[in-house]
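File shown: work_33.cif (mmCIF, C-alpha atoms).
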```
data_final
#
loop_
_atom_site.label_atom_id
_atom_site.label_comp_id
_atom_site.auth_asym_id
_atom_site.auth_seq_id
_atom_site.Cartn_x
_atom_site.Cartn_y
_atom_site.Cartn_z
CA MET A 254 0.00 0.00 0.00
CA ARG A 255 1.23 3.48 -0.87
CA LEU A 256 1.67 6.26 1.66
CA PHE A 257 -0.31 9.46 1.21
CA VAL A 258 0.22 13.03 2.36
CA CYS A 259 -2.31 15.77 3.09
CA LYS A 260 -1.67 18.57 0.60
CA SER A 261 -2.86 21.16 3.10
CA CYS A 262 -0.41 20.47 5.93
CA ASP A 263 1.95 17.67 4.77
CA GLN A 264 0.63 15.31 7.44
CA LEU A 265 0.96 11.61 6.68
CA VAL A 266 -2.52 10.20 6.01
CA PHE A 267 -3.68 6.67 5.35
CA PHE A 268 -5.79 4.80 2.83
CA GLU A 269 -8.81 4.53 5.15
CA ASN A 270 -8.84 8.21 6.26
CA PHE A 271 -11.83 10.45 5.54
CA SER A 272 -10.09 13.60 6.77
CA CYS A 273 -6.67 14.77 7.89
CA VAL A 274 -6.12 14.20 11.60
CA ARG A 275 -4.00 17.35 11.84
CA CYS A 276 -5.80 20.05 9.86
CA GLY A 277 -9.19 18.46 9.23
CA ALA A 278 -8.96 18.72 5.42
CA VAL A 279 -11.44 16.51 3.56
CA LEU A 280 -9.82 13.49 1.89
CA GLY A 281 -11.04 11.18 -0.84
CA PHE A 282 -9.48 8.38 -2.84
CA VAL A 283 -9.52 9.10 -6.58
CA PRO A 284 -9.19 5.79 -8.47
CA GLU A 285 -8.14 7.55 -11.68
CA ASN A 286 -5.09 8.93 -9.82
CA MET A 287 -4.71 5.99 -7.43
CA TYR A 288 -4.17 8.57 -4.69
CA LEU A 289 -5.87 9.69 -1.50
CA GLU A 290 -6.38 13.31 -2.52
CA THR A 291 -6.93 16.39 -0.39
CA LEU A 292 -10.16 18.01 -1.57
CA GLU A 293 -11.58 21.52 -1.89
CA GLU A 294 -15.32 22.14 -2.22
CA ASN A 295 -16.75 23.87 -5.28
CA ILE A 296 -19.60 26.37 -5.15
CA ASP A 297 -22.06 23.74 -6.47
CA GLY A 298 -21.21 21.27 -3.69
CA THR A 299 -18.92 19.07 -5.78
CA TRP A 300 -15.25 18.65 -4.96
CA ARG A 301 -11.96 19.22 -6.73
CA ILE A 302 -8.41 18.12 -5.92
CA ALA A 303 -6.70 20.73 -3.74
CA GLY A 304 -4.65 23.18 -5.79
CA ALA A 305 -6.09 21.99 -9.10
CA GLY A 306 -8.06 25.18 -9.78
CA PRO A 307 -11.78 25.85 -10.27
CA ASP A 308 -11.80 24.55 -13.87
CA SER A 309 -10.38 21.14 -12.99
CA LEU A 310 -12.32 17.88 -12.98
CA SER A 311 -15.00 17.78 -10.28
CA TYR A 312 -15.92 14.82 -8.08
CA ARG A 313 -18.73 13.66 -5.80
CA HIS A 314 -18.49 11.53 -2.69
CA CYS A 315 -19.59 7.91 -3.05
CA ALA A 316 -23.16 7.52 -1.80
CA ASN A 317 -21.90 5.08 0.82
CA ARG A 318 -19.95 7.93 2.37
CA ILE A 319 -22.83 10.35 2.35
CA GLU A 320 -25.34 7.88 3.79
CA GLN A 321 -23.26 5.55 5.97
CA GLN A 322 -19.71 6.95 6.29
CA ILE A 323 -18.51 3.61 4.93
CA CYS A 324 -16.51 4.63 1.84
CA ASN A 325 -13.97 7.39 1.13
CA TRP A 326 -13.71 6.87 -2.65
CA MET A 327 -14.72 9.56 -5.13
CA VAL A 328 -16.93 9.51 -8.24
CA PRO A 329 -16.43 11.90 -11.20
CA ALA A 330 -19.20 14.51 -11.01
CA MET A 331 -20.21 13.77 -14.61
CA ASP A 332 -20.67 10.06 -13.81
CA ALA A 333 -24.32 9.06 -13.47
CA ASN A 334 -23.43 6.40 -10.87
CA GLU A 335 -24.00 7.31 -7.23
CA LEU A 336 -21.55 4.66 -6.06
CA CYS A 337 -17.79 4.52 -6.61
CA LEU A 338 -16.08 1.81 -8.65
CA ALA A 339 -15.45 -0.35 -5.57
CA CYS A 340 -18.98 -0.09 -4.15
CA ARG A 341 -20.55 -0.86 -7.53
CA LEU A 342 -19.07 -4.33 -7.18
CA ASN A 343 -21.50 -5.07 -4.34
CA LYS A 344 -24.52 -7.21 -5.17
CA THR A 345 -25.74 -7.73 -1.61
CA ILE A 346 -24.82 -5.89 1.58
CA PRO A 347 -25.79 -6.86 5.14
CA ASP A 348 -29.16 -5.88 6.59
CA LEU A 349 -28.21 -2.56 8.21
CA SER A 350 -31.33 -2.57 10.42
CA ILE A 351 -29.70 -5.33 12.49
CA PRO A 352 -27.55 -3.88 15.30
CA GLY A 353 -23.85 -4.33 14.69
CA ASN A 354 -24.10 -5.06 10.98
CA ILE A 355 -22.98 -1.62 9.87
CA GLU A 356 -19.74 -2.06 11.85
CA LEU A 357 -19.17 -5.48 10.32
CA TRP A 358 -19.91 -4.15 6.84
CA SER A 359 -17.51 -1.25 7.36
CA ARG A 360 -14.68 -3.67 8.17
CA LEU A 361 -15.47 -5.76 5.11
CA GLU A 362 -15.52 -2.70 2.84
CA THR A 363 -12.20 -1.45 4.18
CA GLU A 364 -10.49 -4.71 3.29
CA LYS A 365 -12.35 -5.07 -0.01
CA ARG A 366 -11.06 -1.67 -1.13
CA ARG A 367 -7.53 -2.84 -0.38
CA LEU A 368 -8.12 -5.78 -2.68
CA VAL A 369 -9.51 -3.53 -5.42
CA TYR A 370 -6.54 -1.18 -4.99
CA SER A 371 -4.15 -4.08 -5.62
CA LEU A 372 -6.12 -5.26 -8.64
CA PHE A 373 -6.01 -1.75 -10.11
CA ARG A 374 -2.27 -1.46 -9.40
CA LEU A 375 -1.71 -4.77 -11.20
CA ARG A 376 -3.86 -3.50 -14.10
CA LEU A 377 -6.17 -6.49 -13.89
CA PRO A 378 -9.71 -6.29 -15.31
CA VAL A 379 -12.17 -5.09 -12.64
CA VAL A 380 -15.68 -4.77 -14.10
CA PRO A 381 -18.88 -4.82 -12.00
CA GLN A 382 -21.08 -7.79 -12.80
CA MET A 383 -24.01 -5.39 -13.13
CA ASN A 384 -22.29 -4.08 -16.28
CA ASP A 385 -20.90 -7.35 -17.62
CA PRO A 386 -22.05 -10.92 -16.86
CA ALA A 387 -18.39 -11.95 -16.84
CA GLY A 388 -17.61 -9.28 -14.26
CA LEU A 389 -17.00 -9.35 -10.52
CA ALA A 390 -19.55 -9.05 -7.69
CA PHE A 391 -19.72 -9.46 -3.91
CA ASP A 392 -22.40 -10.84 -1.59
CA PHE A 393 -21.97 -10.02 2.11
CA LEU A 394 -24.37 -12.32 3.93
CA ALA A 395 -25.19 -13.43 7.45
CA ASP A 396 -26.06 -16.96 8.55
CA SER A 397 -29.68 -15.84 8.81
CA GLU A 398 -29.66 -15.22 5.05
CA PRO A 399 -28.73 -18.63 3.58
CA ARG A 400 -27.92 -18.47 -0.09
CA PHE A 401 -25.96 -21.52 -1.15
CA ASN A 402 -26.17 -23.89 1.79
CA GLU A 403 -29.29 -25.64 3.05
CA SER A 404 -27.76 -25.90 6.53
CA GLY A 405 -28.48 -22.21 7.01
CA ARG A 406 -24.81 -21.25 7.14
CA VAL A 407 -23.30 -18.87 4.64
CA LEU A 408 -20.13 -20.32 3.16
CA THR A 409 -17.41 -18.01 1.97
CA GLY A 410 -16.62 -18.84 -1.64
CA HIS A 411 -16.73 -17.97 -5.33
CA SER A 412 -19.14 -18.95 -8.09
CA GLU A 413 -19.20 -17.51 -11.61
CA GLY A 414 -17.70 -14.17 -10.64
CA LEU A 415 -19.71 -13.79 -7.41
CA ILE A 416 -17.63 -13.75 -4.24
CA THR A 417 -19.63 -14.50 -1.09
CA LEU A 418 -18.31 -13.63 2.35
CA ASN A 419 -19.94 -14.52 5.65
CA ILE A 420 -20.08 -11.25 7.61
CA ALA A 421 -19.07 -13.19 10.75
CA GLU A 422 -15.53 -13.03 9.31
CA ALA A 423 -15.57 -9.31 10.22
CA ASP A 424 -16.03 -10.18 13.91
CA PRO A 425 -12.47 -10.65 15.24
CA VAL A 426 -13.62 -12.97 18.03
CA MET A 427 -15.51 -15.24 15.65
CA ARG A 428 -12.70 -15.16 13.10
CA GLU A 429 -10.13 -16.13 15.73
CA LYS A 430 -12.37 -18.98 16.88
CA MET A 431 -12.70 -20.26 13.30
CA LYS A 432 -8.94 -19.92 12.86
CA ASN A 433 -8.31 -22.07 15.94
CA ASP A 434 -11.06 -24.58 15.11
CA MET A 435 -9.55 -25.12 11.66
CA SER A 436 -5.92 -25.08 12.89
CA GLU A 437 -5.02 -22.27 10.50
CA PRO A 438 -1.85 -20.21 11.02
CA TYR A 439 -3.32 -17.24 9.16
CA ARG A 440 -6.90 -16.04 8.67
CA THR A 441 -7.84 -12.46 7.75
CA ILE A 442 -10.64 -10.70 5.89
CA LEU A 443 -8.19 -9.45 3.28
CA GLY A 444 -6.80 -12.96 2.92
CA HIS A 445 -10.30 -14.24 2.12
CA PHE A 446 -10.81 -11.54 -0.49
CA ARG A 447 -7.47 -12.27 -2.14
CA HIS A 448 -8.07 -16.02 -2.16
CA GLU A 449 -11.57 -15.79 -3.66
CA SER A 450 -10.40 -13.27 -6.25
CA GLY A 451 -7.89 -15.92 -7.31
CA HIS A 452 -10.77 -18.20 -8.28
CA TYR A 453 -12.34 -15.40 -10.28
CA TYR A 454 -9.12 -14.62 -12.15
CA TRP A 455 -8.51 -18.31 -12.82
CA ASP A 456 -11.72 -18.19 -14.83
CA ARG A 457 -10.69 -14.94 -16.54
CA LEU A 458 -7.00 -15.57 -17.18
CA ILE A 459 -6.35 -19.36 -17.11
CA ARG A 460 -9.45 -21.20 -18.32
CA ASP A 461 -9.57 -21.39 -22.12
CA SER A 462 -6.19 -19.64 -22.40
CA ARG A 463 -2.65 -20.59 -23.32
CA TRP A 464 -1.90 -20.79 -19.59
CA LEU A 465 -4.13 -23.82 -19.00
CA GLU A 466 -1.53 -26.46 -19.86
CA PRO A 467 1.30 -24.77 -17.91
CA PHE A 468 -1.12 -24.54 -14.98
CA ARG A 469 -1.95 -28.26 -15.18
CA SER A 470 1.68 -29.29 -15.46
CA LEU A 471 2.49 -27.37 -12.26
CA MET A 472 -0.64 -27.63 -10.11
CA GLY A 473 -2.52 -30.62 -11.50
CA ASP A 474 -5.72 -31.52 -13.34
CA GLU A 475 -8.54 -29.18 -12.30
CA THR A 476 -11.15 -31.54 -13.80
CA LEU A 477 -10.77 -33.83 -10.79
CA ASP A 478 -13.99 -33.90 -8.74
CA TYR A 479 -13.87 -30.78 -6.58
CA ALA A 480 -16.55 -31.82 -4.07
CA GLN A 481 -14.82 -35.13 -3.43
CA ALA A 482 -11.49 -33.34 -3.00
CA LEU A 483 -12.98 -31.02 -0.38
CA GLN A 484 -14.60 -33.91 1.48
CA ARG A 485 -11.32 -35.81 1.47
CA HIS A 486 -9.46 -32.76 2.81
CA TYR A 487 -11.88 -32.12 5.68
CA GLU A 488 -12.11 -35.79 6.63
CA ASN A 489 -8.44 -36.74 6.35
CA GLY A 490 -6.54 -33.47 6.42
CA PRO A 491 -3.69 -32.51 4.08
CA PRO A 492 -0.97 -34.96 3.07
CA ALA A 493 1.90 -35.16 5.53
CA ASP A 494 4.39 -33.79 3.02
CA TRP A 495 2.29 -30.79 1.93
CA PRO A 496 4.95 -28.20 3.02
CA ARG A 497 7.28 -29.62 0.36
CA HIS A 498 4.87 -28.77 -2.46
CA PHE A 499 2.32 -26.13 -1.45
CA VAL A 500 2.14 -22.61 -0.06
CA SER A 501 -0.43 -23.75 2.54
CA ALA A 502 -2.15 -26.92 3.74
CA TYR A 503 -5.40 -25.86 2.08
CA ALA A 504 -3.63 -25.46 -1.25
CA SER A 505 -3.16 -29.25 -1.32
CA THR A 506 -6.95 -29.78 -1.53
CA HIS A 507 -7.39 -29.35 -5.30
CA PRO A 508 -5.56 -27.60 -8.18
CA TRP A 509 -8.10 -24.74 -8.05
CA GLU A 510 -7.27 -24.16 -4.39
CA ASP A 511 -3.56 -24.44 -5.11
CA TRP A 512 -3.94 -21.62 -7.62
CA ALA A 513 -6.16 -19.48 -5.35
CA GLU A 514 -3.79 -19.83 -2.39
CA SER A 515 -0.77 -19.02 -4.58
CA TRP A 516 -2.61 -16.04 -6.08
CA ALA A 517 -3.52 -14.72 -2.63
CA HIS A 518 0.04 -15.19 -1.44
CA PHE A 519 1.40 -13.25 -4.40
CA LEU A 520 -0.94 -10.35 -3.55
CA HIS A 521 0.27 -10.54 0.07
CA ILE A 522 3.83 -10.19 -1.18
CA VAL A 523 3.44 -7.30 -3.61
CA ASP A 524 1.28 -5.19 -1.30
CA THR A 525 3.56 -5.72 1.71
CA MET A 526 6.60 -5.00 -0.43
CA GLU A 527 5.01 -1.77 -1.67
CA THR A 528 4.48 -0.68 1.93
CA ALA A 529 8.13 -1.43 2.67
CA TYR A 530 9.13 0.54 -0.43
CA GLU A 531 6.97 3.53 0.54
CA TYR A 532 8.55 3.63 3.99
CA GLY A 533 12.03 3.40 2.49
CA LEU A 534 12.65 0.22 4.43
CA ARG A 535 15.97 -1.57 3.95
CA VAL A 536 16.75 -5.01 5.35
CA LYS A 537 20.46 -5.60 5.78
CA PRO A 538 21.18 -7.92 8.74
CA ARG A 539 24.46 -7.32 10.54
CA VAL A 540 25.14 -11.05 10.53
CA GLY A 541 24.27 -13.77 8.06
CA SER A 542 25.14 -14.84 4.57
CA ASP A 543 26.14 -12.50 1.77
CA GLU A 544 22.81 -13.25 0.11
CA TYR A 545 20.98 -11.68 3.05
CA LEU A 546 23.32 -8.71 3.09
CA ARG A 547 22.62 -7.93 -0.56
CA ALA A 548 18.86 -8.16 -0.19
CA GLU A 549 16.92 -4.93 0.27
CA ALA A 550 13.19 -4.24 0.37
CA GLY A 551 13.35 -0.74 -1.09
CA PHE A 552 11.78 -1.11 -4.53
CA ASP A 553 8.30 -0.89 -6.03
CA PRO A 554 6.98 -4.45 -6.61
CA TYR A 555 4.05 -3.29 -8.74
CA VAL A 556 6.46 -2.10 -11.44
CA GLN A 557 9.08 -4.77 -10.83
CA THR A 558 8.90 -7.42 -13.57
CA ASP A 559 11.78 -9.64 -12.39
CA PHE A 560 10.25 -12.32 -10.16
CA GLN A 561 13.60 -13.55 -8.89
CA THR A 562 14.45 -10.10 -7.60
CA LEU A 563 11.03 -9.87 -5.99
CA ILE A 564 11.39 -13.13 -4.06
CA GLU A 565 14.99 -12.36 -3.06
CA HIS A 566 13.76 -9.11 -1.51
CA TRP A 567 10.80 -10.84 0.14
CA PHE A 568 12.58 -13.43 2.26
CA PRO A 569 14.81 -11.05 4.27
CA LEU A 570 11.81 -8.78 4.89
CA THR A 571 9.77 -11.68 6.32
CA TYR A 572 12.63 -12.65 8.62
CA ALA A 573 12.74 -9.10 9.98
CA LEU A 574 8.96 -8.87 10.36
CA ASN A 575 8.82 -12.18 12.23
CA CYS A 576 11.63 -11.18 14.57
CA LEU A 577 9.99 -7.81 15.29
CA ASN A 578 6.72 -9.56 16.11
CA ARG A 579 8.44 -12.07 18.38
CA SER A 580 10.21 -9.20 20.16
CA MET A 581 6.75 -7.84 21.03
CA GLY A 582 5.63 -11.23 22.33
CA HIS A 583 3.42 -12.07 19.35
CA ASP A 584 3.45 -15.05 17.03
CA HIS A 585 5.19 -14.85 13.68
CA LEU A 586 3.63 -12.24 11.44
CA TYR A 587 4.49 -14.38 8.43
CA PRO A 588 3.84 -18.03 9.42
CA PHE A 589 4.88 -19.56 6.11
CA VAL A 590 7.89 -21.44 4.75
CA LEU A 591 8.03 -21.40 0.96
CA SER A 592 9.43 -24.53 -0.68
CA SER A 593 10.92 -24.42 -4.17
CA PRO A 594 7.72 -25.84 -5.78
CA ALA A 595 5.62 -23.22 -3.95
CA VAL A 596 7.93 -20.46 -5.18
CA GLU A 597 7.61 -21.82 -8.72
CA LYS A 598 3.83 -21.54 -8.44
CA LEU A 599 4.15 -17.94 -7.25
CA LYS A 600 6.34 -17.29 -10.26
CA THR A 601 3.58 -18.65 -12.52
CA VAL A 602 1.07 -16.26 -10.94
CA HIS A 603 3.53 -13.46 -11.57
CA MET A 604 3.95 -14.45 -15.22
CA VAL A 605 0.19 -14.67 -15.79
CA ILE A 606 -0.33 -11.19 -14.34
CA ALA A 607 2.64 -9.80 -16.27
CA SER A 608 1.19 -11.21 -19.49
CA GLN A 609 -2.10 -9.43 -18.75
CA GLN A 610 -0.21 -6.20 -18.09
CA ALA A 611 1.61 -6.61 -21.40
CA ILE A 612 -1.74 -6.75 -23.20
CA ASP A 613 -2.72 -3.44 -21.63
CA ASN A 614 0.73 -1.90 -22.05
CA PRO A 615 2.88 -3.41 -24.86
CA LYS A 616 5.97 -1.64 -23.49
CA ILE A 617 6.10 -4.01 -20.49
#
```
Show me, as structure tokens, the structure contained in the file I just sent.
Amino acid sequence: MRLFVCKSCDQLVFFENFSCVRCGAVLGFVPENMYLETLEENIDGTWRIAGAGPDSLSYRHCANRIEQQICNWMVPAMDANELCLACRLNKTIPDLSIPGNIELWSRLETEKRRLVYSLFRLRLPVVPQMNDPAGLAFDFLADSEPRFNESGRVLTGHSEGLITLNIAEADPVMREKMKNDMSEPYRTILGHFRHESGHYYWDRLIRDSRWLEPFRSLMGDETLDYAQALQRHYENGPPADWPRHFVSAYASTHPWEDWAESWAHFLHIVDTMETAYEYGLRVKPRVGSDEYLRAEAGFDPYVQTDFQTLIEHWFPLTYALNCLNRSMGHDHLYPFVLSSPAVEKLKTVHMVIASQQAIDNPKI
């Protein structure tokens, strides 16, 4: 994630901010600029980017900011849509008449916008399903609103471009309980979004493309019965040697899950590396091998096309993050060990995304 600065007072501001904590200036994320802009109000009630002048492009707040204070993204004033690009992806939101749901929805939206930010930065196609049947959509449902499961429980998942998330995932107590019940080392809202988006982009970028055979040679035959694979995983657990081949235990369930877990992990890497880059972070241990001493985290991963350089920067950063967390008495921030086959799968994700970027920008 990039760092942003208030143009009125030079205070550091953050992606989720609605206003500057120092001077109170109104802030709004402008997707066209990919920047959290400081805003000035026009006479007609619209907004312009601070310092841009009265004849510059005007914007409106997303309706979900005006009505619920949920979203800080902006909409061009000439756009007929009341919602921003990120909120137009929503098909179903929680019932806001139920106490507590607006807080849960707010947490979901915050993490969803981080996902959309990454997809935009990677120049991946992000089209609302309301505009294109092959597009992307989100259902945020509670267990009292069963949609896909006769048991009455909402299952987080993906189907034909529709990503469903159980709003209980936004409750940190419930999420921690589910994490412990399922013996998972890592479970976050953003992780769910990234994983399920991997299923969507498998359909968009792998299925019926030149990448299908390379995918099968690396991750396996996706035509294997998916329901049986899931049942086998939940009844018997992952194979004992899964760390030698997969980025996570769940990735061993089925080739589709192997791809989705690898996709999510790649998004973890590039967004964390961008944050390190924005902070000017350098990782140069005082002891260790020469390889560690050469590795630095100070580069922009979203414009870095060399996967080997990316992964060589990533490992020293994770060692530092884990040690910092342990020094504070917490568990490892990054509870993963990447085997060579897992790294090769991450490289494939990188190549697929790079090929999509090359379509949009032939200079890449």
task: Rank A:Asn489, A:Asp553, A:Ala316, A:Leu280 by their smallest atom-to-atom distance to Trp300 in chain A, using all atoms listed in the file, and report the top residue only.
output: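 Of A:Asn489, A:Asp553, A:Ala316, A:Leu280, the one nearest Trp300 in chain A is A:Leu280, counting all atoms listed in the file.
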task: Please indicate the distance in Å from CA of Asp524 in chain A to CA of Ala395 in chain A, rounded to one decimal place.
output: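 CA of Ala395 in chain A lies 29.1 Å from CA of Asp524 in chain A.
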task: Provide the CA of Ser592 in chain A to CA of Asp494 in chain A distance in Å, to one decimal place.
output: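 We find that CA of Ser592 in chain A and CA of Asp494 in chain A lie 11.2 Å from each other.
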Which residues of range 373-453 of chain A have any atom within 9 Å of an atom in range 335-351 of chain A when counting all atoms listed in the file, and what is the closest pair of atoms for each, with the distance in Å to one decimal? Order the rows by chain and rising number and write it as a Markdown table.
```
| residue | atom | partner | partner_atom | distance |
| --- | --- | --- | --- | --- |
| A:Val379 | CA | A:Leu342 | CA | 8.8 |
| A:Val380 | CA | A:Leu342 | CA | 7.7 |
| A:Pro381 | CA | A:Leu342 | CA | 4.8 |
| A:Gln382 | CA | A:Leu342 | CA | 6.9 |
| A:Met383 | CA | A:Leu342 | CA | 7.8 |
| A:Gly388 | CA | A:Leu342 | CA | 8.8 |
| A:Leu389 | CA | A:Leu342 | CA | 6.4 |
| A:Ala390 | CA | A:Leu342 | CA | 4.8 |
| A:Phe391 | CA | A:Asn343 | CA | 4.8 |
| A:Asp392 | CA | A:Thr345 | CA | 4.6 |
| A:Phe393 | CA | A:Ile346 | CA | 5.0 |
| A:Leu394 | CA | A:Pro347 | CA | 5.8 |
| A:Ala395 | CA | A:Pro347 | CA | 7.0 |
| A:Leu415 | CA | A:Lys344 | CA | 8.5 |
| A:Ile420 | CA | A:Pro347 | CA | 7.6 |
```
Serialized selection, C-alpha atoms, as a compact mmCIF listing (two decimals), keeping the file's coordinate frame:
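That gives us again.txt:
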```
# COMPACT_ATOMS: atom_id res chain seq x y z
CA VAL A 379 -12.17 -5.09 -12.64
CA VAL A 380 -15.68 -4.77 -14.10
CA PRO A 381 -18.88 -4.82 -12.00
CA GLN A 382 -21.08 -7.79 -12.80
CA MET A 383 -24.01 -5.39 -13.13
CA GLY A 388 -17.61 -9.28 -14.26
CA LEU A 389 -17.00 -9.35 -10.52
CA ALA A 390 -19.55 -9.05 -7.69
CA PHE A 391 -19.72 -9.46 -3.91
CA ASP A 392 -22.40 -10.84 -1.59
CA PHE A 393 -21.97 -10.02 2.11
CA LEU A 394 -24.37 -12.32 3.93
CA ALA A 395 -25.19 -13.43 7.45
CA LEU A 415 -19.71 -13.79 -7.41
CA ILE A 420 -20.08 -11.25 7.61
```
For Glu437 in chain A: contacts at 10 Å, all atoms listed in the file, fewer than 2 positions along chain excluded, given as an MDAnalysis selection string: chainID A and resid 429 431:435 439:440 501:503 588
- request: Run through the PyMOL selection byres ((chain A and resi 596) around 10) on the given coordinates and return the selected residues as a PyMOL selection string.
  value: chain A and resi 498-500+515+519+560-561+564+590-595+597-602
- prompt: Which residue out of A:Leu477, A:Leu256, A:Val426, A:Val605 has the minimum interatomic distance to Arg457 in chain A when only C-alpha atoms are used?
  reply: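 Using only C-alpha atoms, Arg457 in chain A sits closest to A:Val605.
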